[in-house]
Amino acid sequence: MFVAFAEKDYLLMRILGLIPARGGSKGIPRKNIVALAGKPLLAYTCEAALGSHYIDRVVLSTDDEEIARIGRDCGVEVPFMRPTELARDDTPSLPVAQHAIEWLREHEDWDADILVLLQPTSPLRRAHHIDAALDIMLENQADTVVSVVEVPHRYNPYSIMELKNGLLQLFLPGQTPFDRYRRQTVPKFYARNGPAVLITKVSTLFRDQSYYGALVLPYVMDEIDSLDIDTPYDLEIAEFLIGRGLREGF
């Protein structure tokens, strides 16, 4: 059974919203600030973070002066420039998050209790998604809350096939207690959707050297809001949805 936080815990905790946005990108050049429906891709995440009722500070971590300028124009803080060694293609996000937390502690005497990591490639994730995920985190004393999307039936592990010696074979062969070809009977699976929202206790981040602690809870988002900009085609889909007003909040 989960035990809800007392109301004072909401007030005492410092919640940091961190947007990691380095300058390099291979799939889409300058992806983090590419134009989407008339404004930089980064702007959508800045607006969502600033609209949260819970986040105390929104900080942009970047190595790029243009991205930093756009971030400031959007109203978020850029108190430091990310070191070059933390902005390579193969740099994982964990040390980037740890660097931001440690910098704020050492230079501004500001300690975060909870980190909300917000990738700039999820333009359809909005403030109410962030707050709903934080509600789950705070009410259930979770170590981590991560946004997920239900895996479509056609990509369900029980539907997937692989090629072996030129022949199609089930990836998970054998008998099942359900009809693997009927969507209604196959178990549901979930995948991280970017993730659009990743929340973790700062103590977990440093103690376990991971975003994921012992108690990880999901925040389920729908397929459209889960759109993650990875390819030019993703950008076209987002442009269509936002530009034609087919998604609320834009």
# chains A, B, ... in the order shown; residues from 1 in each chain; ligands from 1
$ residues_around --residues "segment 146-162 of chain A" --least-positions-apart "3" --cutoff "7 Å" --atoms "only C-alpha atoms" --output "JSON list (two decimals) with N, CA and C atoms, in the first residue's frame"
[["chain", "number", "residue", "atom", "x", "y", "z"],
["A", 168, "LEU", "N", 10.24, -16.44, -41.68],
["A", 168, "LEU", "CA", 9.60, -15.71, -40.59],
["A", 168, "LEU", "C", 9.22, -16.66, -39.47],
["A", 169, "GLN", "N", 9.61, -16.30, -38.25],
["A", 169, "GLN", "CA", 9.25, -17.10, -37.08],
["A", 169, "GLN", "C", 8.82, -16.17, -35.96],
["A", 170, "LEU", "N", 7.94, -16.66, -35.10],
["A", 170, "LEU", "CA", 7.51, -15.87, -33.96],
["A", 170, "LEU", "C", 8.70, -15.56, -33.05],
["A", 171, "PHE", "N", 8.78, -14.31, -32.58],
["A", 171, "PHE", "CA", 9.83, -13.93, -31.65],
["A", 171, "PHE", "C", 9.64, -14.63, -30.31],
["A", 172, "LEU", "N", 8.38, -14.78, -29.90],
["A", 172, "LEU", "CA", 8.04, -15.52, -28.67],
["A", 172, "LEU", "C", 7.16, -16.71, -29.06],
["A", 180, "ARG", "N", -3.01, -15.02, -29.36],
["A", 180, "ARG", "CA", -2.01, -13.99, -29.63],
["A", 180, "ARG", "C", -2.40, -13.10, -30.80],
["A", 183, "ARG", "N", -6.39, -8.72, -30.37],
["A", 183, "ARG", "CA", -5.93, -7.58, -29.57],
["A", 183, "ARG", "C", -6.54, -7.58, -28.17],
["A", 188, "LYS", "N", -1.21, -6.26, -22.13],
["A", 188, "LYS", "CA", -0.73, -4.95, -22.53],
["A", 188, "LYS", "C", 0.73, -4.77, -22.11],
["A", 189, "PHE", "N", 1.45, -4.10, -22.97],
["A", 189, "PHE", "CA", 2.84, -3.75, -22.67],
["A", 189, "PHE", "C", 3.00, -2.24, -22.84],
["A", 190, "TYR", "N", 4.01, -1.70, -22.16],
["A", 190, "TYR", "CA", 4.23, -0.26, -22.20],
["A", 190, "TYR", "C", 5.70, 0.03, -22.51],
["A", 191, "ALA", "N", 5.92, 1.13, -23.23],
["A", 191, "ALA", "CA", 7.27, 1.56, -23.57],
["A", 191, "ALA", "C", 7.45, 3.01, -23.16],
["A", 192, "ARG", "N", 8.66, 3.38, -22.78],
["A", 192, "ARG", "CA", 8.95, 4.78, -22.50],
["A", 192, "ARG", "C", 8.72, 5.60, -23.77],
["A", 193, "ASN", "N", 8.14, 6.75, -23.64],
["A", 193, "ASN", "CA", 7.81, 7.56, -24.81],
["A", 193, "ASN", "C", 8.78, 8.72, -24.99],
["A", 195, "PRO", "N", 11.82, 9.33, -22.62],
["A", 195, "PRO", "CA", 10.49, 9.65, -22.10],
["A", 195, "PRO", "C", 10.21, 11.14, -22.13],
["A", 196, "ALA", "N", 8.93, 11.46, -22.27],
["A", 196, "ALA", "CA", 8.51, 12.86, -22.26],
["A", 196, "ALA", "C", 8.67, 13.46, -20.87],
["A", 197, "VAL", "N", 8.43, 12.65, -19.83],
["A", 197, "VAL", "CA", 8.59, 13.08, -18.44],
["A", 197, "VAL", "C", 9.32, 11.99, -17.67],
["A", 198, "LEU", "N", 10.40, 12.37, -17.03],
["A", 198, "LEU", "CA", 11.15, 11.44, -16.18],
["A", 198, "LEU", "C", 11.44, 12.14, -14.87],
["A", 199, "ILE", "N", 10.87, 11.61, -13.79],
["A", 199, "ILE", "CA", 10.99, 12.24, -12.47],
["A", 199, "ILE", "C", 11.69, 11.28, -11.52],
["A", 217, "LEU", "N", 7.13, 3.95, -10.86],
["A", 217, "LEU", "CA", 5.73, 3.97, -11.25],
["A", 217, "LEU", "C", 5.56, 4.61, -12.62],
["A", 218, "PRO", "N", 4.53, 4.18, -13.36],
["A", 218, "PRO", "CA", 4.31, 4.74, -14.70],
["A", 218, "PRO", "C", 3.36, 5.92, -14.70],
["A", 219, "TYR", "N", 3.55, 6.80, -15.66],
["A", 219, "TYR", "CA", 2.54, 7.78, -16.01],
["A", 219, "TYR", "C", 2.21, 7.52, -17.47],
["A", 220, "VAL", "N", 1.01, 7.04, -17.71],
["A", 220, "VAL", "CA", 0.62, 6.61, -19.06],
["A", 220, "VAL", "C", 0.09, 7.80, -19.84],
["A", 221, "MET", "N", 0.68, 8.02, -21.01],
["A", 221, "MET", "CA", 0.24, 9.07, -21.92],
["A", 221, "MET", "C", -0.31, 8.44, -23.20],
["A", 222, "ASP", "N", -1.12, 9.21, -23.92],
["A", 222, "ASP", "CA", -1.67, 8.63, -25.15],
["A", 222, "ASP", "C", -0.64, 8.71, -26.27],
["A", 223, "GLU", "N", -0.97, 8.06, -27.38],
["A", 223, "GLU", "CA", 0.00, 7.89, -28.46],
["A", 223, "GLU", "C", 0.38, 9.23, -29.10],
["A", 226, "SER", "N", 2.55, 11.43, -26.95],
["A", 226, "SER", "CA", 3.84, 10.76, -26.74],
["A", 226, "SER", "C", 4.80, 10.96, -27.90]]
$ residues_around --residues "Asp113 of chain A" --least-positions-apart "2" --cutoff "8 Å" --atoms "only C-alpha atoms" --output "JSON, numbers by chain"
{"A": [13, 14, 15, 16, 111, 115, 201, 202, 203]}
$ residues_around --residues "Gly243 of chain A" --least-positions-apart "5" --cutoff "9 Å" --atoms "only C-alpha atoms" --output "list in words"
Leu36, Ala37, Gly38, Ala238 and Phe250 of chain A
$ write_last_selection --atoms "C-alpha atoms" --output "PDB file, in the first residue's frame"
ATOM      1  CA  LEU A  36       7.981  23.753 -35.561  1.00  0.00           C
ATOM      2  CA  ALA A  37       4.712  25.554 -36.361  1.00  0.00           C
ATOM      3  CA  GLY A  38       6.384  28.935 -36.160  1.00  0.00           C
ATOM      4  CA  ALA A 238       3.981  17.338 -35.170  1.00  0.00           C
ATOM      5  CA  PHE A 250      -1.748  24.817 -29.044  1.00  0.00           C
TER       6      PHE A 250
END
$ closest_residue --among "A:His128, A:Arg244, A:Arg207, A:Arg82" --to "Ile55 of chain A" --atoms "only C-alpha atoms"
A:His128
$ closest_residue --among "A:Pro187, A:Pro40, A:Pro92, A:Gly51" --to "Arg69 of chain A" --atoms "only C-alpha atoms"
A:Pro40
$ residues_around --residues "Ile130 of chain A" --least-positions-apart "5" --cutoff "8 Å" --atoms "only C-alpha atoms" --output "number ranges by chain"
A: 48-49, 52, 125, 197
$ write_last_selection --atoms "N, CA, C and O atoms" --output "PDB file, in the first residue's frame"
ATOM      1  N   ALA A  48       5.906  24.260 -21.333  1.00  0.00           N
ATOM      2  CA  ALA A  48       5.305  23.217 -20.496  1.00  0.00           C
ATOM      3  C   ALA A  48       5.903  23.242 -19.097  1.00  0.00           C
ATOM      4  O   ALA A  48       5.185  23.163 -18.091  1.00  0.00           O
ATOM      5  N   ALA A  49       7.218  23.351 -19.010  1.00  0.00           N
ATOM      6  CA  ALA A  49       7.894  23.348 -17.711  1.00  0.00           C
ATOM      7  C   ALA A  49       7.505  24.569 -16.884  1.00  0.00           C
ATOM      8  O   ALA A  49       7.226  24.469 -15.689  1.00  0.00           O
ATOM      9  N   SER A  52       4.093  24.406 -15.136  1.00  0.00           N
ATOM     10  CA  SER A  52       3.869  23.452 -14.048  1.00  0.00           C
ATOM     11  C   SER A  52       3.575  24.185 -12.742  1.00  0.00           C
ATOM     12  O   SER A  52       4.195  25.207 -12.427  1.00  0.00           O
ATOM     13  N   ARG A 125       3.949  17.138 -25.129  1.00  0.00           N
ATOM     14  CA  ARG A 125       3.860  17.011 -23.671  1.00  0.00           C
ATOM     15  C   ARG A 125       3.681  18.405 -23.086  1.00  0.00           C
ATOM     16  O   ARG A 125       4.412  19.324 -23.416  1.00  0.00           O
ATOM     17  N   VAL A 197       8.430  12.647 -19.831  1.00  0.00           N
ATOM     18  CA  VAL A 197       8.586  13.084 -18.443  1.00  0.00           C
ATOM     19  C   VAL A 197       9.320  11.994 -17.675  1.00  0.00           C
ATOM     20  O   VAL A 197       8.908  10.836 -17.698  1.00  0.00           O
TER      21      VAL A 197
END
$ residues_around --residues "Ile67 of chain A" --least-positions-apart "2" --cutoff "12 Å" --atoms "only C-alpha atoms" --output "CSV table (one decimal) with N, CA, C and O atoms, in the first residue's frame"
chain,number,residue,atom,x,y,z
A,19,ILE,N,16.0,20.8,-18.6
A,19,ILE,CA,15.9,20.6,-20.0
A,19,ILE,C,17.3,20.4,-20.6
A,19,ILE,O,18.0,21.4,-20.7
A,20,PRO,N,17.6,19.2,-21.0
A,20,PRO,CA,18.9,19.0,-21.6
A,20,PRO,C,18.9,19.2,-23.1
A,20,PRO,O,18.0,18.6,-23.8
A,21,ALA,N,19.7,20.1,-23.7
A,21,ALA,CA,19.6,20.5,-25.1
A,21,ALA,C,20.9,20.9,-25.6
A,21,ALA,O,21.3,22.0,-25.6
A,22,ARG,N,21.7,19.9,-26.1
A,22,ARG,CA,23.0,20.2,-26.6
A,22,ARG,C,22.9,20.6,-28.1
A,22,ARG,O,21.8,20.5,-28.7
A,23,GLY,N,24.0,21.2,-28.6
A,23,GLY,CA,23.9,21.7,-29.9
A,23,GLY,C,24.0,20.7,-31.1
A,23,GLY,O,23.4,21.0,-32.1
A,24,GLY,N,24.6,19.6,-30.8
A,24,GLY,CA,24.8,18.7,-31.9
A,24,GLY,C,23.6,17.8,-32.2
A,24,GLY,O,22.8,17.5,-31.2
A,30,ARG,N,20.5,20.7,-35.9
A,30,ARG,CA,20.1,21.7,-34.9
A,30,ARG,C,18.7,21.4,-34.4
A,30,ARG,O,17.8,22.2,-34.3
A,31,LYS,N,18.4,20.1,-34.2
A,31,LYS,CA,17.1,19.6,-33.9
A,31,LYS,C,16.4,20.3,-32.8
A,31,LYS,O,15.2,20.6,-32.8
A,32,ASN,N,17.1,20.6,-31.7
A,32,ASN,CA,16.5,21.1,-30.5
A,32,ASN,C,15.9,22.5,-30.7
A,32,ASN,O,15.0,22.9,-29.9
A,33,ILE,N,16.3,23.2,-31.8
A,33,ILE,CA,15.8,24.5,-32.0
A,33,ILE,C,15.2,24.6,-33.5
A,33,ILE,O,15.0,25.7,-34.0
A,34,VAL,N,15.0,23.5,-34.1
A,34,VAL,CA,14.4,23.5,-35.4
A,34,VAL,C,13.0,24.1,-35.3
A,34,VAL,O,12.3,24.0,-34.3
A,40,PRO,N,10.7,27.7,-32.2
A,40,PRO,CA,11.7,26.6,-32.0
A,40,PRO,C,11.1,25.4,-31.2
A,40,PRO,O,10.3,25.6,-30.3
A,41,LEU,N,11.6,24.2,-31.6
A,41,LEU,CA,11.1,23.0,-30.9
A,41,LEU,C,11.3,23.2,-29.4
A,41,LEU,O,10.4,22.8,-28.6
A,42,LEU,N,12.4,23.7,-29.0
A,42,LEU,CA,12.7,23.9,-27.6
A,42,LEU,C,11.6,24.7,-26.8
A,42,LEU,O,11.4,24.4,-25.6
A,43,ALA,N,11.0,25.6,-27.5
A,43,ALA,CA,10.0,26.5,-26.9
A,43,ALA,C,8.9,25.7,-26.3
A,43,ALA,O,8.3,26.1,-25.2
A,46,CYS,N,9.9,24.4,-22.9
A,46,CYS,CA,10.1,25.5,-22.0
A,46,CYS,C,8.7,26.0,-21.4
A,46,CYS,O,8.5,26.2,-20.2
A,60,LEU,N,17.9,25.2,-18.2
A,60,LEU,CA,18.4,24.6,-19.4
A,60,LEU,C,19.8,24.3,-19.4
A,60,LEU,O,20.7,25.2,-19.0
A,61,SER,N,20.2,23.1,-19.7
A,61,SER,CA,21.6,22.7,-19.7
A,61,SER,C,22.0,22.5,-21.2
A,61,SER,O,21.5,21.6,-21.9
A,62,THR,N,22.9,23.4,-21.7
A,62,THR,CA,23.3,23.4,-23.1
A,62,THR,C,24.8,23.8,-23.2
A,62,THR,O,25.3,24.5,-22.3
A,63,ASP,N,25.4,23.4,-24.3
A,63,ASP,CA,26.7,23.8,-24.6
A,63,ASP,C,26.7,24.8,-25.7
A,63,ASP,O,27.8,25.3,-26.2
A,64,ASP,N,25.6,25.2,-26.2
A,64,ASP,CA,25.4,26.0,-27.4
A,64,ASP,C,24.8,27.4,-27.1
A,64,ASP,O,23.8,27.5,-26.4
A,65,GLU,N,25.5,28.4,-27.5
A,65,GLU,CA,25.2,29.8,-27.2
A,65,GLU,C,23.8,30.2,-27.8
A,65,GLU,O,23.0,30.9,-27.2
A,69,ARG,N,20.5,31.3,-25.7
A,69,ARG,CA,19.8,32.5,-26.0
A,69,ARG,C,18.3,32.3,-26.2
A,69,ARG,O,17.4,33.0,-25.6
A,70,ILE,N,18.0,31.3,-27.0
A,70,ILE,CA,16.5,30.9,-27.2
A,70,ILE,C,15.9,30.5,-25.9
A,70,ILE,O,14.7,30.9,-25.6
A,71,GLY,N,16.6,29.7,-25.1
A,71,GLY,CA,16.1,29.3,-23.8
A,71,GLY,C,15.7,30.5,-22.9
A,71,GLY,O,14.7,30.6,-22.3
A,72,ARG,N,16.7,31.4,-22.8
A,72,ARG,CA,16.4,32.7,-22.0
A,72,ARG,C,15.2,33.4,-22.6
A,72,ARG,O,14.4,34.0,-21.8
A,73,ASP,N,15.2,33.5,-23.9
A,73,ASP,CA,14.0,34.2,-24.5
A,73,ASP,C,12.7,33.6,-24.1
A,73,ASP,O,11.7,34.2,-24.1
A,74,CYS,N,12.7,32.3,-23.9
A,74,CYS,CA,11.5,31.5,-23.6
A,74,CYS,C,11.2,31.6,-22.1
A,74,CYS,O,10.2,31.1,-21.6
A,76,VAL,N,13.4,30.5,-19.4
A,76,VAL,CA,14.0,29.6,-18.5
A,76,VAL,C,15.4,30.1,-18.1
A,76,VAL,O,16.0,30.9,-18.8
A,77,GLU,N,15.9,29.5,-17.1
A,77,GLU,CA,17.2,29.9,-16.6
A,77,GLU,C,18.3,29.2,-17.3
A,77,GLU,O,18.2,28.0,-17.7
A,78,VAL,N,19.4,29.9,-17.6
A,78,VAL,CA,20.6,29.2,-18.2
A,78,VAL,C,21.8,29.7,-17.3
A,78,VAL,O,22.6,30.6,-17.8
A,81,MET,N,27.0,27.1,-18.7
A,81,MET,CA,27.1,26.5,-20.0
A,81,MET,C,27.7,25.1,-19.7
A,81,MET,O,28.6,24.9,-18.9
A,82,ARG,N,27.1,24.1,-20.4
A,82,ARG,CA,27.5,22.7,-20.1
A,82,ARG,C,28.9,22.5,-20.6
A,82,ARG,O,29.2,22.9,-21.8
A,120,PRO,N,13.6,18.1,-24.9
A,120,PRO,CA,13.0,19.1,-25.7
A,120,PRO,C,12.4,18.5,-27.0
A,120,PRO,O,11.8,19.2,-27.8
$ atom_distance --atom1 "atom CA of Arg57 of chain A" --atom2 "atom CA of Ala127 of chain A"
13.9 Å
$ decode --residues "segment 87-102 of chain A" --atoms "all heavy atoms" --output "PDB file, in the first residue's frame"
ATOM      1  N   ALA A  87      28.846  17.027 -23.646  1.00  0.00           N
ATOM      2  CA  ALA A  87      27.999  17.374 -24.785  1.00  0.00           C
ATOM      3  C   ALA A  87      28.369  16.592 -26.037  1.00  0.00           C
ATOM      4  O   ALA A  87      28.072  17.013 -27.156  1.00  0.00           O
ATOM      5  CB  ALA A  87      28.072  18.874 -25.058  1.00  0.00           C
ATOM      6  N   ARG A  88      29.005  15.441 -25.858  1.00  0.00           N
ATOM      7  CA  ARG A  88      29.348  14.605 -27.008  1.00  0.00           C
ATOM      8  C   ARG A  88      28.157  13.757 -27.431  1.00  0.00           C
ATOM      9  O   ARG A  88      27.181  13.598 -26.696  1.00  0.00           O
ATOM     10  CB  ARG A  88      30.546  13.715 -26.669  1.00  0.00           C
ATOM     11  CG  ARG A  88      31.837  14.479 -26.352  1.00  0.00           C
ATOM     12  CD  ARG A  88      33.025  13.528 -26.302  1.00  0.00           C
ATOM     13  NE  ARG A  88      32.887  12.587 -25.202  1.00  0.00           N
ATOM     14  CZ  ARG A  88      33.488  12.723 -24.029  1.00  0.00           C
ATOM     15  NH1 ARG A  88      34.252  13.785 -23.794  1.00  0.00           N
ATOM     16  NH2 ARG A  88      33.325  11.832 -23.083  1.00  0.00           N
ATOM     17  N   ASP A  89      28.263  13.161 -28.622  1.00  0.00           N
ATOM     18  CA  ASP A  89      27.177  12.314 -29.137  1.00  0.00           C
ATOM     19  C   ASP A  89      26.880  11.144 -28.214  1.00  0.00           C
ATOM     20  O   ASP A  89      25.731  10.714 -28.101  1.00  0.00           O
ATOM     21  CB  ASP A  89      27.538  11.767 -30.527  1.00  0.00           C
ATOM     22  CG  ASP A  89      27.479  12.848 -31.595  1.00  0.00           C
ATOM     23  OD1 ASP A  89      26.866  13.896 -31.344  1.00  0.00           O
ATOM     24  OD2 ASP A  89      28.059  12.637 -32.677  1.00  0.00           O
ATOM     25  N   ASP A  90      27.932  10.623 -27.579  1.00  0.00           N
ATOM     26  CA  ASP A  90      27.763   9.418 -26.768  1.00  0.00           C
ATOM     27  C   ASP A  90      27.628   9.719 -25.273  1.00  0.00           C
ATOM     28  O   ASP A  90      27.676   8.799 -24.448  1.00  0.00           O
ATOM     29  CB  ASP A  90      28.934   8.456 -26.995  1.00  0.00           C
ATOM     30  CG  ASP A  90      30.287   9.084 -26.647  1.00  0.00           C
ATOM     31  OD1 ASP A  90      30.336  10.314 -26.409  1.00  0.00           O
ATOM     32  OD2 ASP A  90      31.292   8.336 -26.626  1.00  0.00           O
ATOM     33  N   THR A  91      27.450  10.983 -24.909  1.00  0.00           N
ATOM     34  CA  THR A  91      27.327  11.331 -23.494  1.00  0.00           C
ATOM     35  C   THR A  91      25.946  10.934 -22.980  1.00  0.00           C
ATOM     36  O   THR A  91      24.934  11.403 -23.515  1.00  0.00           O
ATOM     37  CB  THR A  91      27.522  12.840 -23.263  1.00  0.00           C
ATOM     38  OG1 THR A  91      28.814  13.223 -23.738  1.00  0.00           O
ATOM     39  CG2 THR A  91      27.406  13.175 -21.787  1.00  0.00           C
ATOM     40  N   PRO A  92      25.867  10.084 -21.963  1.00  0.00           N
ATOM     41  CA  PRO A  92      24.558   9.749 -21.391  1.00  0.00           C
ATOM     42  C   PRO A  92      23.996  10.935 -20.630  1.00  0.00           C
ATOM     43  O   PRO A  92      24.732  11.868 -20.249  1.00  0.00           O
ATOM     44  CB  PRO A  92      24.872   8.575 -20.452  1.00  0.00           C
ATOM     45  CG  PRO A  92      26.314   8.724 -20.118  1.00  0.00           C
ATOM     46  CD  PRO A  92      26.969   9.344 -21.318  1.00  0.00           C
ATOM     47  N   SER A  93      22.684  10.925 -20.393  1.00  0.00           N
ATOM     48  CA  SER A  93      22.054  12.084 -19.749  1.00  0.00           C
ATOM     49  C   SER A  93      22.285  12.119 -18.240  1.00  0.00           C
ATOM     50  O   SER A  93      22.177  13.190 -17.621  1.00  0.00           O
ATOM     51  CB  SER A  93      20.554  12.098 -20.035  1.00  0.00           C
ATOM     52  OG  SER A  93      19.908  10.990 -19.439  1.00  0.00           O
ATOM     53  N   LEU A  94      22.609  10.978 -17.622  1.00  0.00           N
ATOM     54  CA  LEU A  94      22.775  10.944 -16.172  1.00  0.00           C
ATOM     55  C   LEU A  94      23.839  11.918 -15.673  1.00  0.00           C
ATOM     56  O   LEU A  94      23.564  12.728 -14.774  1.00  0.00           O
ATOM     57  CB  LEU A  94      23.079   9.523 -15.696  1.00  0.00           C
ATOM     58  CG  LEU A  94      23.258   9.344 -14.191  1.00  0.00           C
ATOM     59  CD1 LEU A  94      21.964   9.672 -13.447  1.00  0.00           C
ATOM     60  CD2 LEU A  94      23.720   7.918 -13.864  1.00  0.00           C
ATOM     61  N   PRO A  95      25.073  11.903 -16.196  1.00  0.00           N
ATOM     62  CA  PRO A  95      26.056  12.875 -15.707  1.00  0.00           C
ATOM     63  C   PRO A  95      25.685  14.319 -16.031  1.00  0.00           C
ATOM     64  O   PRO A  95      26.101  15.234 -15.320  1.00  0.00           O
ATOM     65  CB  PRO A  95      27.349  12.455 -16.412  1.00  0.00           C
ATOM     66  CG  PRO A  95      26.925  11.628 -17.564  1.00  0.00           C
ATOM     67  CD  PRO A  95      25.666  10.950 -17.150  1.00  0.00           C
ATOM     68  N   VAL A  96      24.893  14.526 -17.074  1.00  0.00           N
ATOM     69  CA  VAL A  96      24.422  15.873 -17.399  1.00  0.00           C
ATOM     70  C   VAL A  96      23.496  16.373 -16.290  1.00  0.00           C
ATOM     71  O   VAL A  96      23.604  17.506 -15.822  1.00  0.00           O
ATOM     72  CB  VAL A  96      23.689  15.873 -18.757  1.00  0.00           C
ATOM     73  CG1 VAL A  96      23.030  17.233 -19.013  1.00  0.00           C
ATOM     74  CG2 VAL A  96      24.657  15.541 -19.886  1.00  0.00           C
ATOM     75  N   ALA A  97      22.588  15.509 -15.848  1.00  0.00           N
ATOM     76  CA  ALA A  97      21.679  15.864 -14.762  1.00  0.00           C
ATOM     77  C   ALA A  97      22.439  16.079 -13.461  1.00  0.00           C
ATOM     78  O   ALA A  97      22.187  17.038 -12.716  1.00  0.00           O
ATOM     79  CB  ALA A  97      20.624  14.775 -14.592  1.00  0.00           C
ATOM     80  N   GLN A  98      23.388  15.194 -13.186  1.00  0.00           N
ATOM     81  CA  GLN A  98      24.166  15.324 -11.953  1.00  0.00           C
ATOM     82  C   GLN A  98      24.984  16.607 -11.953  1.00  0.00           C
ATOM     83  O   GLN A  98      25.112  17.275 -10.921  1.00  0.00           O
ATOM     84  CB  GLN A  98      25.075  14.100 -11.786  1.00  0.00           C
ATOM     85  CG  GLN A  98      24.302  12.819 -11.499  1.00  0.00           C
ATOM     86  CD  GLN A  98      25.192  11.593 -11.493  1.00  0.00           C
ATOM     87  OE1 GLN A  98      26.206  11.544 -12.199  1.00  0.00           O
ATOM     88  NE2 GLN A  98      24.827  10.588 -10.717  1.00  0.00           N
ATOM     89  N   HIS A  99      25.531  16.964 -13.100  1.00  0.00           N
ATOM     90  CA  HIS A  99      26.307  18.205 -13.202  1.00  0.00           C
ATOM     91  C   HIS A  99      25.439  19.413 -12.876  1.00  0.00           C
ATOM     92  O   HIS A  99      25.854  20.312 -12.127  1.00  0.00           O
ATOM     93  CB  HIS A  99      26.886  18.349 -14.621  1.00  0.00           C
ATOM     94  CG  HIS A  99      27.445  19.713 -14.904  1.00  0.00           C
ATOM     95  ND1 HIS A  99      26.699  20.705 -15.545  1.00  0.00           N
ATOM     96  CD2 HIS A  99      28.637  20.282 -14.618  1.00  0.00           C
ATOM     97  CE1 HIS A  99      27.431  21.790 -15.647  1.00  0.00           C
ATOM     98  NE2 HIS A  99      28.610  21.568 -15.099  1.00  0.00           N
ATOM     99  N   ALA A 100      24.227  19.452 -13.407  1.00  0.00           N
ATOM    100  CA  ALA A 100      23.329  20.587 -13.161  1.00  0.00           C
ATOM    101  C   ALA A 100      22.981  20.702 -11.679  1.00  0.00           C
ATOM    102  O   ALA A 100      23.012  21.800 -11.099  1.00  0.00           O
ATOM    103  CB  ALA A 100      22.056  20.434 -13.994  1.00  0.00           C
ATOM    104  N   ILE A 101      22.664  19.587 -11.067  1.00  0.00           N
ATOM    105  CA  ILE A 101      22.302  19.586  -9.643  1.00  0.00           C
ATOM    106  C   ILE A 101      23.482  20.033  -8.787  1.00  0.00           C
ATOM    107  O   ILE A 101      23.331  20.852  -7.868  1.00  0.00           O
ATOM    108  CB  ILE A 101      21.815  18.183  -9.229  1.00  0.00           C
ATOM    109  CG1 ILE A 101      20.478  17.871  -9.907  1.00  0.00           C
ATOM    110  CG2 ILE A 101      21.678  18.066  -7.716  1.00  0.00           C
ATOM    111  CD1 ILE A 101      20.078  16.417  -9.849  1.00  0.00           C
ATOM    112  N   GLU A 102      24.663  19.509  -9.088  1.00  0.00           N
ATOM    113  CA  GLU A 102      25.851  19.865  -8.310  1.00  0.00           C
ATOM    114  C   GLU A 102      26.242  21.321  -8.531  1.00  0.00           C
ATOM    115  O   GLU A 102      26.683  21.996  -7.594  1.00  0.00           O
ATOM    116  CB  GLU A 102      26.999  18.929  -8.680  1.00  0.00           C
ATOM    117  CG  GLU A 102      26.790  17.496  -8.172  1.00  0.00           C
ATOM    118  CD  GLU A 102      27.890  16.552  -8.612  1.00  0.00           C
ATOM    119  OE1 GLU A 102      28.481  16.799  -9.705  1.00  0.00           O
ATOM    120  OE2 GLU A 102      28.160  15.573  -7.897  1.00  0.00           O
TER     121      GLU A 102
END
